[in-house]
Amino acid sequence: MLFLQTPALPDSVPDVKEELSMLKSMPVDELLNAVVAGLVKLAINLAIAIVVFYVGRFIINKLYRLLTGIFIRRRIDQSLGTFLLSLVRMLLYFILIVTVIGILGIETSSFIAIFASAGVAIGMALSGTLQNFAGGVLILLLKPYRVGDYIETQGYAGTVKEIQIFHTIINTFDNKSLIIPNGGLSTGSVTNWNREDYRRVDWPVAISYGDDVAAAREAILDILRSDKRIVAKYVEDARKQRAEQAAEAATEAGIEPEAEKKPGWWSRLFRSKVKKDLEWDPAPVDERIIKHLPKVDRSPSVVVNELADSSVNLKARAWVHRDDYWSVFYQINERIYTELPASGISFPYPQMDVHMKHE
């Protein structure tokens, strides 16, 4: 059985007729004084509320500009910076409006309760959209990929064109725009082909049975070593050489290098204290870790990968910068096809031996 419980009423409920009769019985002077006092109080509260509103808006604008300058100096992503600035401004204006309403004498607890109830209802109605919103915030904060990166996710591949709050736009090779919700991107697997600056390229090469594997290996290595874009031995050396070439090109083009930014007073103070006990290294964490890792030999190599039915399958491997990946891949493919036969190496065709028995 269902029982309904009615809320308890207060002991004394104001009677409108009784109050009207009291007002009628009041002398005119007292009534005018009460009205004037109420109007004066309302005018004072209204003036205070207006002053608080304009002062609060001035402070909010100053904070907005201060945060904008900080985000620009820190080089925070534009999408993330715009989102955070809008969120901070909305929260500050909400607090300001609630404060002004409280100064005017209006009960703010019921207003906040109504706002919270509306927020819960809207959140339940837009659960999927809020998931994409939360995913966009995570992507902008954690940065698993950036604008310009080539990514593969959820069966799609393309270059990231925009990272928005609710979805990410990527462009395919044939220039189709794909709009992917951020909810799945933040919780699913994403392959970022631009995350690392150097990648390995593999070329499968099939030679005929009976050909000299050592000769084929040496011929392919000569092709790989003759290409200056391929890492000779260590990626670190290639990275340093590439940076020097970029600096020389900038100098020839008349582009002056950026002046080294002086640290602020807080950084200098902190650095002076830490330097007494620790060796201060201003490099980013990733660079510091890479600097202490042992070098790995990335020299080009050719190995026998498989003994197939009709061919001996070799695999050539080399490391290149990500910007040169596809150009090196296609050009080396063509050179292997045109130059390898000069070393006495032949490319087999699929073949089958048939033995016929005569009776």
# chains A, B, ... in the order shown; residues from 1 in each chain; ligands from 1
call {"tool": "residues_around", "arguments": {"residues": "range 85-90 of chain A", "least_positions_apart": "6", "cutoff": "10 Å", "atoms": "only C-alpha atoms", "output": "list of chain:residue names"}}
result
A:Arg57, A:Ile60, A:Asn61, A:Leu63, A:Tyr64, A:Arg65, A:Leu67, A:Thr68, A:Phe71, A:Leu96
call {"tool": "residues_around", "arguments": {"residues": "Gln164 in chain A", "least_positions_apart": "5", "cutoff": "12 Å", "atoms": "only C-alpha atoms", "output": "PDB file with all heavy atoms, in the first residue's frame"}}
result
ATOM      1  N   ASP A  77      47.488  24.790 -26.971  1.00  0.00           N
ATOM      2  CA  ASP A  77      46.715  24.571 -28.195  1.00  0.00           C
ATOM      3  C   ASP A  77      45.527  25.530 -28.255  1.00  0.00           C
ATOM      4  O   ASP A  77      44.843  25.764 -27.249  1.00  0.00           O
ATOM      5  CB  ASP A  77      46.224  23.123 -28.223  1.00  0.00           C
ATOM      6  CG  ASP A  77      45.500  22.795 -29.509  1.00  0.00           C
ATOM      7  OD1 ASP A  77      46.159  22.572 -30.522  1.00  0.00           O
ATOM      8  OD2 ASP A  77      44.242  22.788 -29.482  1.00  0.00           O
ATOM      9  N   GLN A  78      45.281  26.070 -29.463  1.00  0.00           N
ATOM     10  CA  GLN A  78      44.255  27.099 -29.618  1.00  0.00           C
ATOM     11  C   GLN A  78      42.868  26.576 -29.253  1.00  0.00           C
ATOM     12  O   GLN A  78      42.077  27.257 -28.604  1.00  0.00           O
ATOM     13  CB  GLN A  78      44.254  27.629 -31.054  1.00  0.00           C
ATOM     14  CG  GLN A  78      43.279  28.781 -31.283  1.00  0.00           C
ATOM     15  CD  GLN A  78      43.341  29.327 -32.688  1.00  0.00           C
ATOM     16  OE1 GLN A  78      44.110  28.834 -33.508  1.00  0.00           O
ATOM     17  NE2 GLN A  78      42.550  30.327 -32.973  1.00  0.00           N
ATOM     18  N   SER A  79      42.551  25.344 -29.668  1.00  0.00           N
ATOM     19  CA  SER A  79      41.240  24.781 -29.355  1.00  0.00           C
ATOM     20  C   SER A  79      41.053  24.612 -27.853  1.00  0.00           C
ATOM     21  O   SER A  79      40.021  24.975 -27.290  1.00  0.00           O
ATOM     22  CB  SER A  79      41.065  23.438 -30.069  1.00  0.00           C
ATOM     23  OG  SER A  79      41.199  23.602 -31.458  1.00  0.00           O
ATOM     24  N   LEU A  80      42.083  24.079 -27.193  1.00  0.00           N
ATOM     25  CA  LEU A  80      42.013  23.912 -25.745  1.00  0.00           C
ATOM     26  C   LEU A  80      41.943  25.255 -25.041  1.00  0.00           C
ATOM     27  O   LEU A  80      41.169  25.436 -24.095  1.00  0.00           O
ATOM     28  CB  LEU A  80      43.228  23.116 -25.256  1.00  0.00           C
ATOM     29  CG  LEU A  80      43.343  22.920 -23.745  1.00  0.00           C
ATOM     30  CD1 LEU A  80      42.137  22.173 -23.208  1.00  0.00           C
ATOM     31  CD2 LEU A  80      44.637  22.206 -23.394  1.00  0.00           C
ATOM     32  N   GLY A  81      42.738  26.231 -25.482  1.00  0.00           N
ATOM     33  CA  GLY A  81      42.717  27.546 -24.852  1.00  0.00           C
ATOM     34  C   GLY A  81      41.361  28.224 -24.976  1.00  0.00           C
ATOM     35  O   GLY A  81      40.857  28.805 -24.016  1.00  0.00           O
ATOM     36  N   THR A  82      40.754  28.155 -26.172  1.00  0.00           N
ATOM     37  CA  THR A  82      39.432  28.759 -26.364  1.00  0.00           C
ATOM     38  C   THR A  82      38.388  28.110 -25.466  1.00  0.00           C
ATOM     39  O   THR A  82      37.555  28.789 -24.859  1.00  0.00           O
ATOM     40  CB  THR A  82      39.013  28.633 -27.837  1.00  0.00           C
ATOM     41  OG1 THR A  82      40.017  29.232 -28.653  1.00  0.00           O
ATOM     42  CG2 THR A  82      37.687  29.320 -28.085  1.00  0.00           C
ATOM     43  N   PHE A  83      38.445  26.781 -25.371  1.00  0.00           N
ATOM     44  CA  PHE A  83      37.486  26.069 -24.520  1.00  0.00           C
ATOM     45  C   PHE A  83      37.649  26.446 -23.050  1.00  0.00           C
ATOM     46  O   PHE A  83      36.670  26.743 -22.352  1.00  0.00           O
ATOM     47  CB  PHE A  83      37.660  24.565 -24.707  1.00  0.00           C
ATOM     48  CG  PHE A  83      36.989  23.750 -23.648  1.00  0.00           C
ATOM     49  CD1 PHE A  83      35.613  23.641 -23.597  1.00  0.00           C
ATOM     50  CD2 PHE A  83      37.751  23.102 -22.688  1.00  0.00           C
ATOM     51  CE1 PHE A  83      34.997  22.893 -22.608  1.00  0.00           C
ATOM     52  CE2 PHE A  83      37.142  22.350 -21.699  1.00  0.00           C
ATOM     53  CZ  PHE A  83      35.762  22.243 -21.653  1.00  0.00           C
ATOM     54  N   ASN A 132      30.958  12.783 -25.847  1.00  0.00           N
ATOM     55  CA  ASN A 132      31.844  13.360 -26.867  1.00  0.00           C
ATOM     56  C   ASN A 132      32.530  14.617 -26.345  1.00  0.00           C
ATOM     57  O   ASN A 132      33.692  14.880 -26.672  1.00  0.00           O
ATOM     58  CB  ASN A 132      31.050  13.686 -28.128  1.00  0.00           C
ATOM     59  CG  ASN A 132      30.512  12.442 -28.811  1.00  0.00           C
ATOM     60  OD1 ASN A 132      31.122  11.374 -28.734  1.00  0.00           O
ATOM     61  ND2 ASN A 132      29.375  12.569 -29.454  1.00  0.00           N
ATOM     62  N   PHE A 133      31.799  15.388 -25.532  1.00  0.00           N
ATOM     63  CA  PHE A 133      32.376  16.594 -24.933  1.00  0.00           C
ATOM     64  C   PHE A 133      33.539  16.227 -24.012  1.00  0.00           C
ATOM     65  O   PHE A 133      34.629  16.821 -24.091  1.00  0.00           O
ATOM     66  CB  PHE A 133      31.294  17.350 -24.163  1.00  0.00           C
ATOM     67  CG  PHE A 133      31.795  18.521 -23.374  1.00  0.00           C
ATOM     68  CD1 PHE A 133      32.061  19.724 -23.988  1.00  0.00           C
ATOM     69  CD2 PHE A 133      31.999  18.417 -22.009  1.00  0.00           C
ATOM     70  CE1 PHE A 133      32.528  20.808 -23.260  1.00  0.00           C
ATOM     71  CE2 PHE A 133      32.458  19.476 -21.269  1.00  0.00           C
ATOM     72  CZ  PHE A 133      32.728  20.686 -21.900  1.00  0.00           C
ATOM     73  N   ALA A 134      33.310  15.224 -23.135  1.00  0.00           N
ATOM     74  CA  ALA A 134      34.389  14.795 -22.234  1.00  0.00           C
ATOM     75  C   ALA A 134      35.561  14.229 -23.021  1.00  0.00           C
ATOM     76  O   ALA A 134      36.730  14.462 -22.687  1.00  0.00           O
ATOM     77  CB  ALA A 134      33.855  13.745 -21.249  1.00  0.00           C
ATOM     78  N   GLY A 135      35.261  13.493 -24.106  1.00  0.00           N
ATOM     79  CA  GLY A 135      36.338  12.981 -24.945  1.00  0.00           C
ATOM     80  C   GLY A 135      37.143  14.091 -25.595  1.00  0.00           C
ATOM     81  O   GLY A 135      38.372  14.009 -25.690  1.00  0.00           O
ATOM     82  N   GLY A 136      36.449  15.149 -26.041  1.00  0.00           N
ATOM     83  CA  GLY A 136      37.166  16.286 -26.625  1.00  0.00           C
ATOM     84  C   GLY A 136      38.071  16.967 -25.622  1.00  0.00           C
ATOM     85  O   GLY A 136      39.193  17.370 -25.962  1.00  0.00           O
ATOM     86  N   VAL A 137      37.593  17.104 -24.382  1.00  0.00           N
ATOM     87  CA  VAL A 137      38.432  17.712 -23.345  1.00  0.00           C
ATOM     88  C   VAL A 137      39.677  16.868 -23.097  1.00  0.00           C
ATOM     89  O   VAL A 137      40.801  17.384 -22.989  1.00  0.00           O
ATOM     90  CB  VAL A 137      37.615  17.897 -22.053  1.00  0.00           C
ATOM     91  CG1 VAL A 137      38.513  18.389 -20.919  1.00  0.00           C
ATOM     92  CG2 VAL A 137      36.470  18.879 -22.274  1.00  0.00           C
ATOM     93  N   LEU A 138      39.503  15.535 -23.009  1.00  0.00           N
ATOM     94  CA  LEU A 138      40.654  14.655 -22.787  1.00  0.00           C
ATOM     95  C   LEU A 138      41.643  14.728 -23.943  1.00  0.00           C
ATOM     96  O   LEU A 138      42.861  14.746 -23.729  1.00  0.00           O
ATOM     97  CB  LEU A 138      40.170  13.213 -22.598  1.00  0.00           C
ATOM     98  CG  LEU A 138      39.428  12.915 -21.293  1.00  0.00           C
ATOM     99  CD1 LEU A 138      38.921  11.476 -21.286  1.00  0.00           C
ATOM    100  CD2 LEU A 138      40.327  13.154 -20.091  1.00  0.00           C
ATOM    101  N   ILE A 139      41.134  14.769 -25.171  1.00  0.00           N
ATOM    102  CA  ILE A 139      42.027  14.840 -26.331  1.00  0.00           C
ATOM    103  C   ILE A 139      42.809  16.145 -26.324  1.00  0.00           C
ATOM    104  O   ILE A 139      44.016  16.171 -26.585  1.00  0.00           O
ATOM    105  CB  ILE A 139      41.217  14.679 -27.628  1.00  0.00           C
ATOM    106  CG1 ILE A 139      40.686  13.248 -27.748  1.00  0.00           C
ATOM    107  CG2 ILE A 139      42.067  15.024 -28.847  1.00  0.00           C
ATOM    108  CD1 ILE A 139      39.716  13.046 -28.882  1.00  0.00           C
ATOM    109  N   LEU A 140      42.136  17.248 -25.997  1.00  0.00           N
ATOM    110  CA  LEU A 140      42.823  18.538 -25.979  1.00  0.00           C
ATOM    111  C   LEU A 140      43.837  18.633 -24.841  1.00  0.00           C
ATOM    112  O   LEU A 140      44.849  19.317 -24.961  1.00  0.00           O
ATOM    113  CB  LEU A 140      41.799  19.665 -25.872  1.00  0.00           C
ATOM    114  CG  LEU A 140      40.906  19.862 -27.104  1.00  0.00           C
ATOM    115  CD1 LEU A 140      39.792  20.856 -26.802  1.00  0.00           C
ATOM    116  CD2 LEU A 140      41.724  20.331 -28.288  1.00  0.00           C
ATOM    117  N   ARG A 146      47.703  15.671 -32.888  1.00  0.00           N
ATOM    118  CA  ARG A 146      47.599  17.099 -33.100  1.00  0.00           C
ATOM    119  C   ARG A 146      47.122  17.375 -34.523  1.00  0.00           C
ATOM    120  O   ARG A 146      47.084  16.462 -35.360  1.00  0.00           O
ATOM    121  CB  ARG A 146      48.948  17.802 -32.864  1.00  0.00           C
ATOM    122  CG  ARG A 146      49.520  17.607 -31.472  1.00  0.00           C
ATOM    123  CD  ARG A 146      50.947  18.134 -31.398  1.00  0.00           C
ATOM    124  NE  ARG A 146      51.562  17.902 -30.088  1.00  0.00           N
ATOM    125  CZ  ARG A 146      51.527  18.761 -29.088  1.00  0.00           C
ATOM    126  NH1 ARG A 146      50.921  19.939 -29.253  1.00  0.00           N
ATOM    127  NH2 ARG A 146      52.087  18.490 -27.932  1.00  0.00           N
ATOM    128  N   VAL A 147      46.788  18.627 -34.771  1.00  0.00           N
ATOM    129  CA  VAL A 147      46.406  19.019 -36.123  1.00  0.00           C
ATOM    130  C   VAL A 147      47.607  18.826 -37.053  1.00  0.00           C
ATOM    131  O   VAL A 147      48.716  19.268 -36.758  1.00  0.00           O
ATOM    132  CB  VAL A 147      45.926  20.487 -36.152  1.00  0.00           C
ATOM    133  CG1 VAL A 147      45.684  20.939 -37.590  1.00  0.00           C
ATOM    134  CG2 VAL A 147      44.670  20.658 -35.323  1.00  0.00           C
ATOM    135  N   ILE A 169      37.830  16.316 -37.145  1.00  0.00           N
ATOM    136  CA  ILE A 169      37.692  16.264 -38.599  1.00  0.00           C
ATOM    137  C   ILE A 169      39.035  15.839 -39.192  1.00  0.00           C
ATOM    138  O   ILE A 169      40.066  16.451 -38.908  1.00  0.00           O
ATOM    139  CB  ILE A 169      37.274  17.625 -39.175  1.00  0.00           C
ATOM    140  CG1 ILE A 169      35.937  18.077 -38.551  1.00  0.00           C
ATOM    141  CG2 ILE A 169      37.154  17.569 -40.690  1.00  0.00           C
ATOM    142  CD1 ILE A 169      35.503  19.456 -38.969  1.00  0.00           C
ATOM    143  N   ILE A 170      39.015  14.764 -40.001  1.00  0.00           N
ATOM    144  CA  ILE A 170      40.221  14.311 -40.682  1.00  0.00           C
ATOM    145  C   ILE A 170      39.959  14.285 -42.182  1.00  0.00           C
ATOM    146  O   ILE A 170      38.827  14.080 -42.622  1.00  0.00           O
ATOM    147  CB  ILE A 170      40.691  12.923 -40.180  1.00  0.00           C
ATOM    148  CG1 ILE A 170      39.663  11.844 -40.552  1.00  0.00           C
ATOM    149  CG2 ILE A 170      40.929  12.937 -38.685  1.00  0.00           C
ATOM    150  CD1 ILE A 170      40.132  10.447 -40.195  1.00  0.00           C
ATOM    151  N   ILE A 179      34.091  13.203 -40.210  1.00  0.00           N
ATOM    152  CA  ILE A 179      33.793  13.778 -38.903  1.00  0.00           C
ATOM    153  C   ILE A 179      33.587  12.626 -37.931  1.00  0.00           C
ATOM    154  O   ILE A 179      32.631  11.866 -38.046  1.00  0.00           O
ATOM    155  CB  ILE A 179      32.548  14.679 -38.968  1.00  0.00           C
ATOM    156  CG1 ILE A 179      32.766  15.806 -39.987  1.00  0.00           C
ATOM    157  CG2 ILE A 179      32.239  15.266 -37.600  1.00  0.00           C
ATOM    158  CD1 ILE A 179      31.546  16.667 -40.215  1.00  0.00           C
ATOM    159  N   ILE A 180      34.504  12.484 -36.975  1.00  0.00           N
ATOM    160  CA  ILE A 180      34.497  11.355 -36.042  1.00  0.00           C
ATOM    161  C   ILE A 180      34.229  11.884 -34.638  1.00  0.00           C
ATOM    162  O   ILE A 180      34.924  12.799 -34.175  1.00  0.00           O
ATOM    163  CB  ILE A 180      35.842  10.609 -36.075  1.00  0.00           C
ATOM    164  CG1 ILE A 180      36.166  10.180 -37.514  1.00  0.00           C
ATOM    165  CG2 ILE A 180      35.812   9.403 -35.158  1.00  0.00           C
ATOM    166  CD1 ILE A 180      37.513   9.514 -37.649  1.00  0.00           C
ATOM    167  N   PRO A 181      33.221  11.357 -33.913  1.00  0.00           N
ATOM    168  CA  PRO A 181      32.950  11.811 -32.542  1.00  0.00           C
ATOM    169  C   PRO A 181      34.146  11.565 -31.626  1.00  0.00           C
ATOM    170  O   PRO A 181      34.857  10.560 -31.758  1.00  0.00           O
ATOM    171  CB  PRO A 181      31.736  10.968 -32.128  1.00  0.00           C
ATOM    172  CG  PRO A 181      31.111  10.529 -33.408  1.00  0.00           C
ATOM    173  CD  PRO A 181      32.233  10.370 -34.385  1.00  0.00           C
ATOM    174  N   ASN A 182      34.354  12.481 -30.712  1.00  0.00           N
ATOM    175  CA  ASN A 182      35.514  12.395 -29.821  1.00  0.00           C
ATOM    176  C   ASN A 182      35.364  11.333 -28.747  1.00  0.00           C
ATOM    177  O   ASN A 182      36.361  10.930 -28.140  1.00  0.00           O
ATOM    178  CB  ASN A 182      35.766  13.752 -29.158  1.00  0.00           C
ATOM    179  CG  ASN A 182      36.362  14.757 -30.112  1.00  0.00           C
ATOM    180  OD1 ASN A 182      37.029  14.387 -31.073  1.00  0.00           O
ATOM    181  ND2 ASN A 182      36.110  16.028 -29.870  1.00  0.00           N
ATOM    182  N   GLY A 183      34.127  10.897 -28.465  1.00  0.00           N
ATOM    183  CA  GLY A 183      33.946   9.891 -27.425  1.00  0.00           C
ATOM    184  C   GLY A 183      34.692   8.610 -27.745  1.00  0.00           C
ATOM    185  O   GLY A 183      35.424   8.063 -26.914  1.00  0.00           O
TER     186      GLY A 183
END
call {"tool": "select_by_dssp", "arguments": {"residues": "range 76-242 of chain A", "states": "alpha helix (DSSP H)", "output": "PyMOL selection string"}}
result
chain A and resi 78-103+108-125+127-142+182-187+213-225+235-242
call {"tool": "select_by_dssp", "arguments": {"residues": "range 203-242 of chain A", "states": "strand (DSSP E)", "output": "list in words"}}
result
Trp203, Pro204, Val205, Ala206 and Ile207 of chain A
call {"tool": "atom_distance", "arguments": {"atom1": "CA of Asp227 in chain A", "atom2": "CA of Gln245 in chain A"}}
result
16.2 Å
call {"tool": "closest_atom_pairs", "arguments": {"of": "range 188-237 of chain A", "to": "range 296-301 of chain A", "cutoff": "12 Å", "atoms": "only C-alpha atoms", "output": "CSV"}}
result
residue,atom,partner,partner_atom,distance
A:Tyr198,CA,A:Arg298,CA,10.5
A:Arg199,CA,A:Arg298,CA,10.3
A:Arg200,CA,A:Arg298,CA,8.9
A:Val201,CA,A:Pro300,CA,9.7
A:Asp202,CA,A:Ser301,CA,9.8
A:Trp203,CA,A:Ser301,CA,10.6
A:Ala216,CA,A:Ser301,CA,11.8
A:Arg217,CA,A:Ser301,CA,8.3
A:Glu218,CA,A:Ser301,CA,9.6
A:Ala219,CA,A:Ser301,CA,11.5
A:Ile220,CA,A:Ser301,CA,8.9
A:Leu221,CA,A:Pro300,CA,6.8
A:Asp222,CA,A:Pro300,CA,9.7
A:Ile223,CA,A:Pro300,CA,10.1
A:Leu224,CA,A:Pro300,CA,6.8
A:Arg225,CA,A:Pro300,CA,7.4
A:Ser226,CA,A:Pro300,CA,11.0
A:Asp227,CA,A:Pro300,CA,10.9
A:Arg229,CA,A:Pro300,CA,11.8
A:Ile230,CA,A:Pro300,CA,8.1
A:Val231,CA,A:Ser299,CA,6.6
A:Ala232,CA,A:Ser299,CA,5.4
A:Lys233,CA,A:Ser299,CA,4.3
A:Tyr234,CA,A:Arg298,CA,5.5
A:Val235,CA,A:Arg298,CA,6.8
A:Glu236,CA,A:Val296,CA,9.1
A:Asp237,CA,A:Arg298,CA,10.7
call {"tool": "closest_residue", "arguments": {"among": "A:Gly344, A:Leu32, A:Ser109, A:Asp324", "to": "Lys228 in chain A", "atoms": "only C-alpha atoms"}}
result
A:Asp324
call {"tool": "residues_around", "arguments": {"residues": "Leu314 in chain A", "least_positions_apart": "5", "cutoff": "12 Å", "atoms": "only C-alpha atoms", "output": "PyMOL selection string"}}
result
chain A and resi 202-209+211-214+216-217+220+301-308+347
call {"tool": "write_last_selection", "arguments": {"atoms": "C-alpha atoms", "output": "compact mmCIF listing (two decimals), in the first residue's frame"}}
result
# COMPACT_ATOMS: atom_id res chain seq x y z
CA ASP A 202 60.47 -2.35 -45.35
CA TRP A 203 60.86 -3.58 -48.95
CA PRO A 204 60.03 -7.21 -49.81
CA VAL A 205 62.32 -8.44 -52.63
CA ALA A 206 61.84 -11.86 -54.26
CA ILE A 207 64.78 -13.47 -56.10
CA SER A 208 65.01 -16.74 -57.98
CA TYR A 209 66.31 -19.97 -56.50
CA ASP A 211 70.72 -16.63 -57.40
CA ASP A 212 73.51 -15.49 -55.10
CA VAL A 213 71.91 -14.18 -51.92
CA ALA A 214 75.10 -12.39 -50.85
CA ALA A 216 71.66 -9.59 -53.98
CA ARG A 217 72.16 -8.35 -50.42
CA ILE A 220 70.40 -3.75 -52.35
CA SER A 301 69.91 -4.38 -43.50
CA VAL A 302 68.80 -7.17 -45.87
CA VAL A 303 67.70 -10.54 -44.48
CA VAL A 304 66.25 -13.75 -45.90
CA ASN A 305 62.64 -13.52 -44.80
CA GLU A 306 61.05 -16.60 -46.39
CA LEU A 307 61.78 -19.59 -48.62
CA ALA A 308 58.64 -19.51 -50.71
CA PHE A 347 62.90 -11.77 -60.35
